[in-house]
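Pasting query_37.cif here (mmCIF, C-alpha atoms):
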data_target
loop_
_atom_site.label_atom_id
_atom_site.label_comp_id
_atom_site.auth_asym_id
_atom_site.auth_seq_id
_atom_site.Cartn_x
_atom_site.Cartn_y
_atom_site.Cartn_z
CA MET A 1 12.95 -10.95 -1.64
CA SER A 2 14.96 -8.22 0.05
CA THR A 3 15.77 -4.60 -0.74
CA CYS A 4 18.25 -2.46 1.17
CA GLY A 5 19.45 1.05 0.56
CA PHE A 6 18.93 4.75 1.12
CA ILE A 7 16.31 7.31 0.17
CA ASP A 8 16.88 11.04 -0.02
CA SER A 9 14.63 12.99 2.34
CA GLY A 10 15.46 16.64 2.00
CA THR A 11 19.17 16.90 2.69
CA GLU A 12 19.23 13.65 4.71
CA ARG A 13 19.78 10.07 3.61
CA ILE A 14 17.51 7.55 5.31
CA TYR A 15 18.61 3.92 5.48
CA PHE A 16 16.05 1.14 5.11
CA GLU A 17 15.70 -2.59 4.61
CA CYS A 18 12.68 -4.38 3.14
CA TRP A 19 12.21 -8.13 3.56
CA GLY A 20 9.53 -10.48 2.26
CA ASP A 21 6.98 -10.07 -0.52
CA GLY A 22 3.60 -10.39 1.18
CA ASP A 23 0.53 -8.48 0.04
CA GLU A 24 0.61 -6.20 3.10
CA ALA A 25 3.49 -4.21 4.55
CA VAL A 26 4.62 -3.69 8.14
CA ILE A 27 6.95 -0.79 8.95
CA LEU A 28 8.92 -1.14 12.20
CA GLY A 29 10.21 1.99 13.95
CA HIS A 30 12.98 1.63 16.53
CA GLY A 31 13.45 3.33 19.89
CA MET A 32 16.13 5.63 21.27
CA GLY A 33 18.53 2.78 22.04
CA GLY A 34 18.18 1.04 18.71
CA SER A 35 18.29 1.07 14.93
CA HIS A 36 16.88 -1.03 12.11
CA ALA A 37 19.04 -3.93 13.34
CA VAL A 38 17.18 -4.48 16.62
CA TRP A 39 14.17 -5.95 14.79
CA TYR A 40 15.93 -9.12 13.60
CA GLN A 41 13.63 -11.36 15.66
CA GLN A 42 10.54 -9.72 14.15
CA VAL A 43 11.81 -9.67 10.56
CA ALA A 44 12.44 -13.41 10.61
CA PHE A 45 8.97 -14.04 12.05
CA LEU A 46 6.91 -11.65 9.91
CA ALA A 47 8.66 -11.74 6.53
CA PRO A 48 7.06 -15.02 5.36
CA ARG A 49 3.66 -13.28 5.45
CA TYR A 50 4.38 -9.54 5.01
CA ARG A 51 6.71 -7.04 3.40
CA VAL A 52 8.64 -5.98 6.48
CA VAL A 53 10.32 -2.58 6.40
CA THR A 54 12.91 -1.54 8.98
CA TRP A 55 14.61 1.84 8.89
CA ASP A 56 16.88 4.19 10.80
CA GLN A 57 15.58 7.50 12.08
CA ARG A 58 17.73 10.55 11.33
CA GLY A 59 21.02 10.35 13.20
CA PHE A 60 20.52 6.69 14.12
CA GLY A 61 22.08 3.63 12.53
CA ARG A 62 23.16 4.41 8.98
CA SER A 63 20.91 7.44 8.43
CA THR A 64 22.49 10.88 8.31
CA ARG A 65 21.91 13.98 10.40
CA ILE A 66 23.45 16.64 8.21
CA THR A 67 21.07 19.46 9.13
CA GLY A 68 20.49 18.56 12.77
CA ASP A 69 16.74 18.42 12.08
CA ILE A 70 15.98 15.19 13.92
CA GLY A 71 13.23 13.74 16.09
CA PRO A 72 9.65 12.60 15.61
CA VAL A 73 8.39 15.52 13.52
CA PRO A 74 10.66 15.07 10.46
CA SER A 75 10.42 11.30 10.90
CA VAL A 76 6.76 11.35 9.85
CA GLY A 77 7.72 12.80 6.48
CA ASP A 78 10.61 10.37 6.18
CA MET A 79 8.22 7.45 6.67
CA ALA A 80 5.87 8.74 3.98
CA ARG A 81 8.75 9.18 1.51
CA LEU A 82 10.02 5.71 2.33
CA LEU A 83 6.65 4.13 1.58
CA ASP A 84 6.45 6.13 -1.66
CA HIS A 85 9.91 4.87 -2.66
CA LEU A 86 8.84 1.27 -2.04
CA ASP A 87 5.49 1.72 -3.83
CA ILE A 88 3.61 0.87 -0.64
CA ASP A 89 0.22 2.56 -0.48
CA ARG A 90 -0.79 1.39 3.00
CA ALA A 91 1.02 -0.33 5.87
CA HIS A 92 0.72 -1.58 9.41
CA ILE A 93 2.66 1.00 11.43
CA VAL A 94 4.68 -0.15 14.47
CA GLY A 95 6.63 2.15 16.78
CA GLN A 96 8.74 1.16 19.79
CA SER A 97 9.29 3.75 22.57
CA MET A 98 10.69 6.84 20.78
CA GLY A 99 9.45 5.36 17.51
CA GLY A 100 5.91 5.56 18.83
CA TRP A 101 5.94 9.35 18.53
CA SER A 102 6.47 9.23 14.76
CA ALA A 103 4.20 6.19 14.37
CA LEU A 104 1.27 8.00 15.98
CA GLY A 105 2.11 11.18 14.08
CA PHE A 106 2.02 9.19 10.83
CA ALA A 107 -1.33 7.58 11.67
CA ILE A 108 -2.79 11.03 12.38
CA ASP A 109 -1.35 12.74 9.30
CA HIS A 110 -1.83 9.81 6.91
CA PRO A 111 -4.97 7.92 7.96
CA ASP A 112 -5.51 6.60 4.44
CA ARG A 113 -2.08 4.95 4.50
CA THR A 114 -2.40 3.32 7.94
CA ILE A 115 -3.92 -0.17 8.08
CA SER A 116 -3.30 -0.54 11.80
CA LEU A 117 -1.16 1.03 14.51
CA VAL A 118 0.96 -0.75 17.13
CA LEU A 119 2.46 1.41 19.89
CA ALA A 120 5.01 -0.62 21.85
CA ASP A 121 6.13 0.56 25.30
CA THR A 122 5.34 4.15 24.44
CA THR A 123 2.83 6.87 25.21
CA ALA A 124 3.66 8.18 21.74
CA GLY A 125 3.29 11.87 22.46
CA ILE A 126 0.08 11.53 24.44
CA PHE A 127 0.52 13.46 27.68
CA THR A 128 -1.26 13.46 30.99
CA PRO A 129 0.27 15.25 33.98
CA GLN A 130 1.58 11.91 35.26
CA ILE A 131 3.07 10.95 31.89
CA ARG A 132 4.83 14.31 31.67
CA ARG A 133 6.21 13.95 35.20
CA THR A 134 7.43 10.45 34.40
CA LEU A 135 9.31 11.62 31.31
CA ASP A 136 10.77 14.54 33.26
CA ASP A 137 11.97 12.14 35.95
CA TYR A 138 13.42 9.78 33.34
CA GLY A 139 15.33 12.63 31.72
CA ARG A 140 16.83 13.65 35.04
CA GLU A 141 17.73 10.04 35.83
CA ILE A 142 19.49 9.62 32.49
CA ALA A 143 21.35 12.90 32.95
CA ALA A 144 22.53 11.92 36.43
CA GLY A 145 23.43 8.32 35.65
CA PRO A 146 26.49 6.84 33.95
CA PRO A 147 26.54 6.33 30.17
CA THR A 148 25.41 2.90 29.06
CA ASP A 149 28.94 1.88 28.07
CA ARG A 150 29.95 2.13 31.72
CA LEU A 151 27.17 -0.07 33.07
CA ALA A 152 27.69 -3.69 34.08
CA LEU A 153 28.04 -6.21 31.27
CA GLY A 154 24.70 -6.55 29.48
CA LEU A 155 22.88 -4.01 31.65
CA HIS A 156 20.86 -1.42 29.74
CA PRO A 157 17.91 0.74 30.85
CA ALA A 158 15.88 -0.47 27.87
CA ILE A 159 16.24 -4.14 28.84
CA GLY A 160 14.62 -5.84 31.81
CA SER A 161 16.86 -7.32 34.49
CA GLN A 162 15.22 -10.73 34.11
CA LEU A 163 16.70 -11.12 30.62
CA LEU A 164 20.13 -10.29 32.02
CA ASP A 165 19.66 -13.00 34.67
CA GLU A 166 18.31 -15.64 32.29
CA ASP A 167 20.25 -14.94 29.10
CA PRO A 168 23.17 -12.56 29.67
CA ALA A 169 24.52 -13.12 26.16
CA HIS A 170 21.25 -11.98 24.60
CA SER A 171 21.11 -8.99 26.92
CA PHE A 172 24.70 -8.12 26.01
CA LEU A 173 23.77 -8.33 22.33
CA TYR A 174 21.38 -5.39 22.80
CA THR A 175 24.18 -3.20 24.12
CA GLN A 176 26.44 -4.31 21.28
CA LEU A 177 23.85 -3.45 18.63
CA GLY A 178 23.63 0.01 20.11
CA SER A 179 27.40 0.44 20.06
CA LEU A 180 27.75 0.05 16.30
CA THR A 181 26.91 3.72 15.68
CA GLU A 182 26.89 6.98 17.62
CA PRO A 183 23.23 8.08 17.84
CA PRO A 184 22.09 11.41 19.26
CA PRO A 185 22.39 11.39 23.06
CA PRO A 186 19.21 10.91 25.11
CA MET A 187 19.42 14.46 26.46
CA GLU A 188 19.08 15.72 22.90
CA ILE A 189 16.16 13.43 22.04
CA ILE A 190 14.07 13.63 25.21
CA PRO A 191 13.32 17.38 24.86
CA LEU A 192 12.13 16.72 21.30
CA LEU A 193 9.78 14.06 22.63
CA MET A 194 8.54 16.33 25.39
CA THR A 195 7.64 19.06 22.90
CA THR A 196 5.97 16.79 20.33
CA ASP A 197 2.46 16.59 21.78
CA HIS A 198 -0.18 14.49 20.02
CA THR A 199 -2.67 14.56 22.90
CA ASP A 200 -5.30 16.77 21.28
CA ARG A 201 -5.06 14.96 17.94
CA ALA A 202 -4.94 11.36 19.16
CA ALA A 203 -8.71 11.02 18.87
CA GLN A 204 -8.33 11.54 15.11
CA VAL A 205 -6.76 8.09 14.72
CA LYS A 206 -9.09 5.91 12.69
CA ALA A 207 -6.92 2.82 12.40
CA ARG A 208 -7.29 -0.08 14.77
CA THR A 209 -4.71 0.49 17.53
CA LEU A 210 -2.84 -1.78 19.93
CA PHE A 211 -0.70 -0.63 22.83
CA VAL A 212 1.68 -3.39 23.96
CA VAL A 213 3.81 -2.96 27.08
CA GLY A 214 6.17 -4.90 29.30
CA GLU A 215 4.74 -5.83 32.69
CA ARG A 216 7.81 -4.35 34.41
CA ASP A 217 8.56 -1.46 32.09
CA PRO A 218 10.29 1.10 34.35
CA ILE A 219 9.85 3.98 31.89
CA PHE A 220 6.26 3.51 30.72
CA PRO A 221 4.62 1.08 33.18
CA PRO A 222 1.25 -0.42 32.25
CA PRO A 223 -0.88 2.13 34.19
CA LEU A 224 0.64 4.95 32.12
CA ILE A 225 0.01 3.03 28.92
CA GLU A 226 -3.60 2.44 29.96
CA SER A 227 -4.06 6.17 30.49
CA ALA A 228 -2.60 6.97 27.07
CA ALA A 229 -4.76 4.33 25.39
CA GLY A 230 -7.85 6.11 26.66
CA PHE A 231 -7.22 8.94 24.18
CA ILE A 232 -7.67 6.66 21.13
CA ASP A 233 -11.17 5.25 20.77
CA GLY A 234 -11.34 1.48 20.72
CA SER A 235 -7.63 0.95 21.32
CA GLU A 236 -6.48 -2.26 22.99
CA VAL A 237 -3.75 -2.88 25.56
CA ALA A 238 -1.67 -6.05 25.84
CA VAL A 239 0.81 -6.65 28.67
CA VAL A 240 3.81 -8.94 28.12
CA GLU A 241 4.60 -10.75 31.34
CA ASN A 242 8.03 -10.64 33.00
CA THR A 243 9.53 -8.07 30.65
CA GLY A 244 10.88 -4.55 30.94
CA HIS A 245 10.93 -1.77 28.37
CA SER A 246 11.72 -3.94 25.32
CA PRO A 247 9.48 -7.03 25.21
CA TYR A 248 10.05 -7.36 21.46
CA PHE A 249 13.70 -8.11 22.30
CA GLU A 250 13.32 -9.74 25.72
CA ARG A 251 10.41 -12.12 24.96
CA PRO A 252 10.19 -12.06 21.17
CA ALA A 253 8.04 -15.17 20.78
CA ARG A 254 5.32 -13.78 23.04
CA TRP A 255 5.53 -10.26 21.56
CA ASN A 256 5.45 -11.63 18.02
CA ASP A 257 2.38 -13.76 18.75
CA ILE A 258 0.49 -10.80 20.23
CA VAL A 259 1.36 -8.43 17.41
CA ALA A 260 0.88 -10.97 14.60
CA GLY A 261 -2.57 -11.84 15.92
CA PHE A 262 -3.48 -8.16 15.98
CA LEU A 263 -2.19 -7.63 12.44
CA ARG A 264 -4.22 -10.58 11.13
CA GLN A 265 -7.40 -9.29 12.78
CA SER A 266 -6.77 -5.80 11.43
CA SER A 267 -6.53 -7.15 7.89
CA LEU A 268 -10.00 -8.70 7.96
#

Please go through the file and, once you have read it, give me the structure as structure tokens.
Amino acid sequence: MSTCGFIDSGTERIYFECWGDGDEAVILGHGMGGSHAVWYQQVAFLAPRYRVVTWDQRGFGRSTRITGDIGPVPSVGDMARLLDHLDIDRAHIVGQSMGGWSALGFAIDHPDRTISLVLADTTAGIFTPQIRRTLDDYGREIAAGPPTDRLALGLHPAIGSQLLDEDPAHSFLYTQLGSLTEPPPPMEIIPLLMTTDHTDRAAQVKARTLFVVGERDPIFPPPLIESAAGFIDGSEVAVVENTGHSPYFERPARWNDIVAGFLRQSSL
């Protein structure tokens, strides 16, 4: 069973898709370079067991940005309204990169609605001095570098170079998915991430939590993820070998196995 459409969230329209009819739901939140469409390899894998919800954050994909109120803070409310619309009381919450900020915010604000939390290649608004320096450096690098549409065929900062070497068509697909819409530019989003700080509230998370990260993630390398994980009691860290910032896209079979195993254990 599938459901696709829009919900009204304030003055904005939020696009979503819901696939499968399992007893439990999984909501997948995309990163800065993506939209609902990037999760196609996870939807196909998870939908036989779960209700899988993908959605576009404000200004991304098919969702609107009429007011200009975008970023992780309003996204938490959008997620809650989306679950209400779909009559989903509780869900496994997954956030990739930028999507981790709103995923963690949701788990903090709505503990009774969060079965488990998966934070993929993200520090999710948890800041140490090193994490803050890394994000500052990344922002400067993005500002100084060429736009992604001027990079070599298939090259994208969110995709590891090994995928480009091994499967250039698949790597190129990521850039094409991102070209279907005109999302907010990184230099508009990064300051919103820098000022959305969950550090002091991260310990409030009660749901079982998994951080999963690419071994060669140039933005959030494993040591940074380990430091962020220390702020959530009992959280686990899984490293996906030979991947960059988007293991869910680069090595979907391995990423899916790790996350599906975690979801099953969290349902016990």

*Applied to the shown file, which residues does the PyMOL selection byres ((chain A and resi 215) around 10) return, written as a ChimeraX atom specification?*
/A:121,160,212-214,216-218,220-223,238-245,247

_I'd like to see the residues matched by the PyMOL selection byres ((chain A and resi 93) around 6) on this file, and ideally I'd get them as a list in words._
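Selection result, ordered by chain and number: Ile27, Ala91, His92, Val94 and Leu117 of chain A.
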
*If you count only C-alpha atoms, which residues fall within 10 Å of Ala47 of chain A, apart from same-chain ones fewer than 6 positions away, as a VMD selection string?*
chain A and resid 1 to 2 18 to 22 25 to 26 53

Selected residues written out with C-alpha atoms, as a PDB file, keeping the file's coordinate frame:
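Once written, result.pdb looks like this:
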ATOM      1  CA  MET A   1      12.950 -10.950  -1.640  1.00  0.00           C
ATOM      2  CA  SER A   2      14.960  -8.220   0.050  1.00  0.00           C
ATOM      3  CA  CYS A  18      12.680  -4.380   3.140  1.00  0.00           C
ATOM      4  CA  TRP A  19      12.210  -8.130   3.560  1.00  0.00           C
ATOM      5  CA  GLY A  20       9.530 -10.480   2.260  1.00  0.00           C
ATOM      6  CA  ASP A  21       6.980 -10.070  -0.520  1.00  0.00           C
ATOM      7  CA  GLY A  22       3.600 -10.390   1.180  1.00  0.00           C
ATOM      8  CA  ALA A  25       3.490  -4.210   4.550  1.00  0.00           C
ATOM      9  CA  VAL A  26       4.620  -3.690   8.140  1.00  0.00           C
ATOM     10  CA  VAL A  53      10.320  -2.580   6.400  1.00  0.00           C
TER      11      VAL A  53
END

_Residue among A:Met98, A:His170, A:Pro157, A:Asp78 lying closest to Arg251 of chain A, counting all atoms listed in the file_ =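 Looking at the shortest contact to Arg251 of chain A, the residue is A:His170.
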
*Which residues fall under the PyMOL selection byres ((chain A and resi 131) around 12) in this file, as an NGL selection string?*
:A and (122-130 or 132-138 or 193-194 or 197 or 199 or 219-228)

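Reported to one decimal place, the separation of atom CA of Asp8 of chain A from atom CA of Val43 of chain A is 23.8 Å.
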
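You can rank A:Phe211, A:Phe45, A:Phe172, A:Phe262 by their closest distance to Gly230 of chain A using all atoms listed in the file, and at the top of that list sits A:Phe211.
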
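Between atom CA of Pro48 of chain A and atom CA of Leu28 of chain A the interatomic distance comes to 15.6 Å.
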
*Computed interatomic separation between atom CA of Ala202 of chain A and atom CA of Pro186 of chain A (Å)*: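 Distance reported for this atom pair: 24.9 Å.
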
*Which residue of A:Arg81, A:Gly33, A:Trp39, A:Gly68 approaches Ile7 of chain A most closely, using all atoms listed in the file*: A:Arg81

*Would you list the contacts of Gln42 of chain A as a ChimeraX atom specification, taking every protein, DNA or RNA residue within 10 Å and counting all atoms listed in the file, but skipping same-chain residues closer than 6 positions in sequence?*
/A:28,52,54,248-249,252-253,255-256,259-260

_Calculated over all atoms listed in the file, which of the candidates A:Thr209, A:Thr175, A:Gly139, A:Gln41 has the smallest distance to Ala158 of chain A?_
A:Thr175

_Calculated over only C-alpha atoms, which of the candidates A:Val237, A:Leu263, A:Leu119, A:Val76 has the smallest distance to Gly105 of chain A?_
A:Val76

*Select, from A:His110, A:His85, A:His198, A:Arg208, the residue with the minimum atom-to-atom distance to Ser9 of chain A, counting all atoms listed in the file.*
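For Ser9 of chain A, the nearest of the given residues is A:His85.
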
Please list as an mmCIF file with C-alpha atoms, in the coordinates of the input every residue within 10 Å of Phe106 of chain A, counting only C-alpha atoms and excluding residues in the same chain fewer than 4 positions away.
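selection.cif was written with the following content:
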data_model
loop_
_atom_site.group_PDB
_atom_site.id
_atom_site.type_symbol
_atom_site.label_atom_id
_atom_site.label_comp_id
_atom_site.auth_asym_id
_atom_site.auth_seq_id
_atom_site.Cartn_x
_atom_site.Cartn_y
_atom_site.Cartn_z
ATOM 1 C CA PRO A 72 9.650 12.600 15.610
ATOM 2 C CA VAL A 73 8.390 15.520 13.520
ATOM 3 C CA SER A 75 10.420 11.300 10.900
ATOM 4 C CA VAL A 76 6.760 11.350 9.850
ATOM 5 C CA GLY A 77 7.720 12.800 6.480
ATOM 6 C CA ASP A 78 10.610 10.370 6.180
ATOM 7 C CA MET A 79 8.220 7.450 6.670
ATOM 8 C CA ALA A 80 5.870 8.740 3.980
ATOM 9 C CA ILE A 93 2.660 1.000 11.430
ATOM 10 C CA GLY A 100 5.910 5.560 18.830
ATOM 11 C CA TRP A 101 5.940 9.350 18.530
ATOM 12 C CA SER A 102 6.470 9.230 14.760
ATOM 13 C CA HIS A 110 -1.830 9.810 6.910
ATOM 14 C CA PRO A 111 -4.970 7.920 7.960
ATOM 15 C CA ARG A 113 -2.080 4.950 4.500
ATOM 16 C CA THR A 114 -2.400 3.320 7.940
ATOM 17 C CA LEU A 117 -1.160 1.030 14.510
ATOM 18 C CA VAL A 205 -6.760 8.090 14.720
#

*Protein/DNA/RNA residues near (18.9, 14.6, 8.4), cut 12 Å, all atoms listed in the file, as JSON, numbers by chain*: {"A": [7, 8, 9, 10, 11, 12, 13, 14, 15, 56, 57, 58, 59, 60, 62, 63, 64, 65, 66, 67, 68, 69, 70, 71, 72, 73, 74, 75, 77, 78, 184]}

Could those selected residues go to a file with C-alpha atoms, as a compact mmCIF listing (two decimals), keeping the file's coordinate frame?
# COMPACT_ATOMS: atom_id res chain seq x y z
CA ILE A 7 16.31 7.31 0.17
CA ASP A 8 16.88 11.04 -0.02
CA SER A 9 14.63 12.99 2.34
CA GLY A 10 15.46 16.64 2.00
CA THR A 11 19.17 16.90 2.69
CA GLU A 12 19.23 13.65 4.71
CA ARG A 13 19.78 10.07 3.61
CA ILE A 14 17.51 7.55 5.31
CA TYR A 15 18.61 3.92 5.48
CA ASP A 56 16.88 4.19 10.80
CA GLN A 57 15.58 7.50 12.08
CA ARG A 58 17.73 10.55 11.33
CA GLY A 59 21.02 10.35 13.20
CA PHE A 60 20.52 6.69 14.12
CA ARG A 62 23.16 4.41 8.98
CA SER A 63 20.91 7.44 8.43
CA THR A 64 22.49 10.88 8.31
CA ARG A 65 21.91 13.98 10.40
CA ILE A 66 23.45 16.64 8.21
CA THR A 67 21.07 19.46 9.13
CA GLY A 68 20.49 18.56 12.77
CA ASP A 69 16.74 18.42 12.08
CA ILE A 70 15.98 15.19 13.92
CA GLY A 71 13.23 13.74 16.09
CA PRO A 72 9.65 12.60 15.61
CA VAL A 73 8.39 15.52 13.52
CA PRO A 74 10.66 15.07 10.46
CA SER A 75 10.42 11.30 10.90
CA GLY A 77 7.72 12.80 6.48
CA ASP A 78 10.61 10.37 6.18
CA PRO A 184 22.09 11.41 19.26

Within 10 Å of Gln204 of chain A using all atoms listed in the file, minus same-chain residues under 3 positions, as a short mmCIF file (atom, residue, chain, number, x, y, z; two decimals) with C-alpha atoms, keeping the file's coordinate frame:
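What ended up in part20.cif:
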data_model
loop_
_atom_site.label_atom_id
_atom_site.label_comp_id
_atom_site.auth_asym_id
_atom_site.auth_seq_id
_atom_site.Cartn_x
_atom_site.Cartn_y
_atom_site.Cartn_z
CA ALA A 107 -1.33 7.58 11.67
CA ILE A 108 -2.79 11.03 12.38
CA ASP A 109 -1.35 12.74 9.30
CA PRO A 111 -4.97 7.92 7.96
CA HIS A 198 -0.18 14.49 20.02
CA ASP A 200 -5.30 16.77 21.28
CA ARG A 201 -5.06 14.96 17.94
CA ALA A 207 -6.92 2.82 12.40
CA PHE A 231 -7.22 8.94 24.18
CA ILE A 232 -7.67 6.66 21.13
CA ASP A 233 -11.17 5.25 20.77
#
